[in-house]
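Trainee: Got a structure for you, questions after.
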Amino acid sequence: MLPNRCLMCHQHINSEQRGLCEVCLQASSYQTEICLGCGREMALPMAFCGQCMLKPTIQVIAPCRYRDGIGHWVGQIKYQAQFAVIDVLVEALVQRLFHLEGLGLVERPQVLIAVPLHRNRLRQRGFNQAWIIAKTLSKRLNIPLIDDMLFRVRDTQPQAGLSGKSRRKNLNSAFALSDGFNWQRVALIDDVVTTGTTVKEIAKLFQRQHIQVQVWCLARAEAPGVS
Ligand SMILES: [Zn+2]
Ligand SMILES: [Zn+2]
């Protein structure tokens, strides 16, 4: 067993909670209401800000801001199989969800689906971090995880470093949804949502069939132009 130290500040953690101490978790988590569309802070508890209300917008539910240090550690899950932060951040996400449900701003999905990796990438990495997060959420919330209906059918190049237009082009027809998807509300799970290009691309497949999509992730970036 590794010593139970906080990944961010390296202080010893006394509680059962592994990976992050309470101080660092609080410092990285949202303390105010934020727009589920663009991530901007809001004074009143509403799902969307005025600008996001004017256009079709996907709800992105996350406990933490990507740029506040935590994004780096969520990224480490993928690159260094750093799983220590998953449980604590999944619990923070669950608490955020309960908060939003309590306000009547989100409706619980019937099933969870993880953003899939292409089988080549999965073989290389050995795991899909989004699936691990989704599995943890599925157990915690008792919502089924569907992992045999959404596929990454094209082995695309990594999105990092591509411009907005190239990101969209790169993902064109990258995903496929099996016939016979019978639910009306789904939460798409990813580790982080930065530009949102990937989740928007997948959401199109569901929305074409009038299935409601919300996105759950451990950390989100604000939409461009929002700070
Ligand atoms: Zn800490
Ligand atoms: Zn907004």
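Residues are referred to by chain and number: the chain letter is A, B, ... according to the order shown in the structure tokens, the number counts from 1 in that chain, and ligands are numbered separately from 1 in the order shown.
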I'd like to know which residues of range 175-225 of chain A are strand (DSSP E or B) (by DSSP, run on the backbone); could you write them as a list in words?
Mentor: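 Reading the DSSP output for range 175-225 of chain A, strand (DSSP E or B) covers Phe175, Ala176, Leu177, Arg185, Val186, Ala187, Leu188, Ile189, Asp190, Asp191, Val192, Val193, Gln212, Val213, Gln214, Val215, Trp216, Cys217, Leu218, Ala219 and Arg220 of chain A.
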Trainee: Could you turn the residues from that selection into a file that holds C-alpha atoms, as a PDB file, in the first residue's frame?
Mentor:
ATOM      1  CA  PHE A 175     -18.899   6.794 -33.374  1.00  0.00           C
ATOM      2  CA  ALA A 176     -21.817   4.466 -33.999  1.00  0.00           C
ATOM      3  CA  LEU A 177     -24.853   3.578 -31.932  1.00  0.00           C
ATOM      4  CA  ARG A 185     -32.579   9.597 -21.066  1.00  0.00           C
ATOM      5  CA  VAL A 186     -28.892   8.813 -21.041  1.00  0.00           C
ATOM      6  CA  ALA A 187     -25.868  10.224 -19.267  1.00  0.00           C
ATOM      7  CA  LEU A 188     -22.685  10.108 -21.267  1.00  0.00           C
ATOM      8  CA  ILE A 189     -19.646   9.698 -19.028  1.00  0.00           C
ATOM      9  CA  ASP A 190     -16.182  11.044 -19.748  1.00  0.00           C
ATOM     10  CA  ASP A 191     -13.190  11.848 -17.555  1.00  0.00           C
ATOM     11  CA  VAL A 192     -12.960  15.508 -18.563  1.00  0.00           C
ATOM     12  CA  VAL A 193     -14.874  17.761 -20.930  1.00  0.00           C
ATOM     13  CA  GLN A 212     -32.099  13.170 -24.120  1.00  0.00           C
ATOM     14  CA  VAL A 213     -28.395  13.353 -23.374  1.00  0.00           C
ATOM     15  CA  GLN A 214     -26.622  14.830 -20.402  1.00  0.00           C
ATOM     16  CA  VAL A 215     -22.894  14.625 -19.856  1.00  0.00           C
ATOM     17  CA  TRP A 216     -21.231  13.718 -16.578  1.00  0.00           C
ATOM     18  CA  CYS A 217     -17.517  14.211 -16.057  1.00  0.00           C
ATOM     19  CA  LEU A 218     -15.033  14.706 -13.229  1.00  0.00           C
ATOM     20  CA  ALA A 219     -13.847  18.138 -14.398  1.00  0.00           C
ATOM     21  CA  ARG A 220     -15.018  20.564 -17.046  1.00  0.00           C
TER      22      ARG A 220
END
Trainee: Hey, could you make a per-residue contact list for range 81-122 of chain A against range 22-44 of chain A with 10 Å as the cut-off, showing the nearest pair of atoms and its distance in Å to one decimal, counting only C-alpha atoms, sorted by chain and number, as JSON lines?
Mentor:
{"residue": "A:Val88", "atom": "CA", "partner": "A:Leu25", "partner_atom": "CA", "distance": 8.5}
{"residue": "A:Leu89", "atom": "CA", "partner": "A:Leu25", "partner_atom": "CA", "distance": 8.3}
{"residue": "A:Ala92", "atom": "CA", "partner": "A:Ser29", "partner_atom": "CA", "distance": 8.0}
{"residue": "A:Leu93", "atom": "CA", "partner": "A:Ser29", "partner_atom": "CA", "distance": 9.5}
{"residue": "A:Arg96", "atom": "CA", "partner": "A:Tyr30", "partner_atom": "CA", "distance": 8.7}
{"residue": "A:His99", "atom": "CA", "partner": "A:Glu33", "partner_atom": "CA", "distance": 9.9}
{"residue": "A:Leu100", "atom": "CA", "partner": "A:Glu33", "partner_atom": "CA", "distance": 9.2}
{"residue": "A:Leu105", "atom": "CA", "partner": "A:Leu36", "partner_atom": "CA", "distance": 9.5}
{"residue": "A:Val106", "atom": "CA", "partner": "A:Leu36", "partner_atom": "CA", "distance": 9.7}
Trainee: Can you work out which residues are within 12 Å of ligand 1, considering only C-alpha atoms and all ligand atoms, and then hand them over as a VMD selection string?
Mentor: chain A and resid 4 to 14 17 to 28 69 to 70 85
Trainee: Take the residues from that selection and put them in a file with C-alpha atoms, as a PDB file, in the first residue's frame.
Mentor:
ATOM      1  CA  ASN A   4      -2.232   7.833   1.943  1.00  0.00           C
ATOM      2  CA  ARG A   5      -1.089  11.253   0.807  1.00  0.00           C
ATOM      3  CA  CYS A   6      -2.937  13.955  -1.080  1.00  0.00           C
ATOM      4  CA  LEU A   7      -1.814  14.027  -4.712  1.00  0.00           C
ATOM      5  CA  MET A   8      -2.097  17.795  -4.859  1.00  0.00           C
ATOM      6  CA  CYS A   9      -0.557  19.053  -1.593  1.00  0.00           C
ATOM      7  CA  HIS A  10       1.203  15.854  -0.421  1.00  0.00           C
ATOM      8  CA  GLN A  11      -0.218  16.133   3.104  1.00  0.00           C
ATOM      9  CA  HIS A  12      -0.993  12.911   4.882  1.00  0.00           C
ATOM     10  CA  ILE A  13      -4.702  12.062   4.755  1.00  0.00           C
ATOM     11  CA  ASN A  14      -6.171  10.661   7.945  1.00  0.00           C
ATOM     12  CA  GLN A  17     -10.687   9.062   1.546  1.00  0.00           C
ATOM     13  CA  ARG A  18      -7.780   8.345  -0.771  1.00  0.00           C
ATOM     14  CA  GLY A  19      -6.134  10.500  -3.379  1.00  0.00           C
ATOM     15  CA  LEU A  20      -7.181  14.003  -2.390  1.00  0.00           C
ATOM     16  CA  CYS A  21      -7.470  15.740   0.955  1.00  0.00           C
ATOM     17  CA  GLU A  22     -10.608  17.601   1.923  1.00  0.00           C
ATOM     18  CA  VAL A  23      -8.901  21.018   1.624  1.00  0.00           C
ATOM     19  CA  CYS A  24      -7.708  20.437  -1.948  1.00  0.00           C
ATOM     20  CA  LEU A  25     -11.027  18.874  -2.937  1.00  0.00           C
ATOM     21  CA  GLN A  26     -12.973  21.852  -1.585  1.00  0.00           C
ATOM     22  CA  ALA A  27     -10.574  24.301  -3.241  1.00  0.00           C
ATOM     23  CA  SER A  28     -11.097  22.593  -6.621  1.00  0.00           C
ATOM     24  CA  GLY A  69      -5.382  22.115 -10.777  1.00  0.00           C
ATOM     25  CA  ILE A  70      -7.666  19.139 -10.569  1.00  0.00           C
ATOM     26  CA  VAL A  85      -8.579  10.151  -7.432  1.00  0.00           C
TER      27      VAL A  85
END
Trainee: Neighbouring residues of Gly196 in chain A were defined as those with any atom within 9 Å, considering only C-alpha atoms; residues of the same chain fewer than 3 positions away were excluded. Please report them as a compact mmCIF listing (two decimals) with N, CA and C atoms, in the first residue's frame.
Mentor:
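Generated output (around_20.txt):
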# COMPACT_ATOMS: atom_id res chain seq x y z
N VAL A 193 -14.30 17.14 -19.74
CA VAL A 193 -14.87 17.76 -20.93
C VAL A 193 -14.19 19.10 -21.09
N VAL A 199 -18.15 14.85 -26.92
CA VAL A 199 -19.47 14.52 -26.39
C VAL A 199 -20.59 15.07 -27.28
N LYS A 200 -20.35 16.21 -27.92
CA LYS A 200 -21.36 16.76 -28.83
C LYS A 200 -21.54 15.84 -30.03
N GLU A 201 -20.43 15.31 -30.52
CA GLU A 201 -20.48 14.41 -31.67
C GLU A 201 -21.29 13.15 -31.32
N ARG A 220 -14.64 19.95 -15.78
CA ARG A 220 -15.02 20.56 -17.05
C ARG A 220 -14.32 21.90 -17.23
N ALA A 221 -14.08 22.22 -18.49
CA ALA A 221 -13.58 23.55 -18.80
C ALA A 221 -14.77 24.44 -19.15
N ALA A 223 -16.76 27.09 -21.52
CA ALA A 223 -16.81 27.30 -22.95
C ALA A 223 -15.89 28.47 -23.32
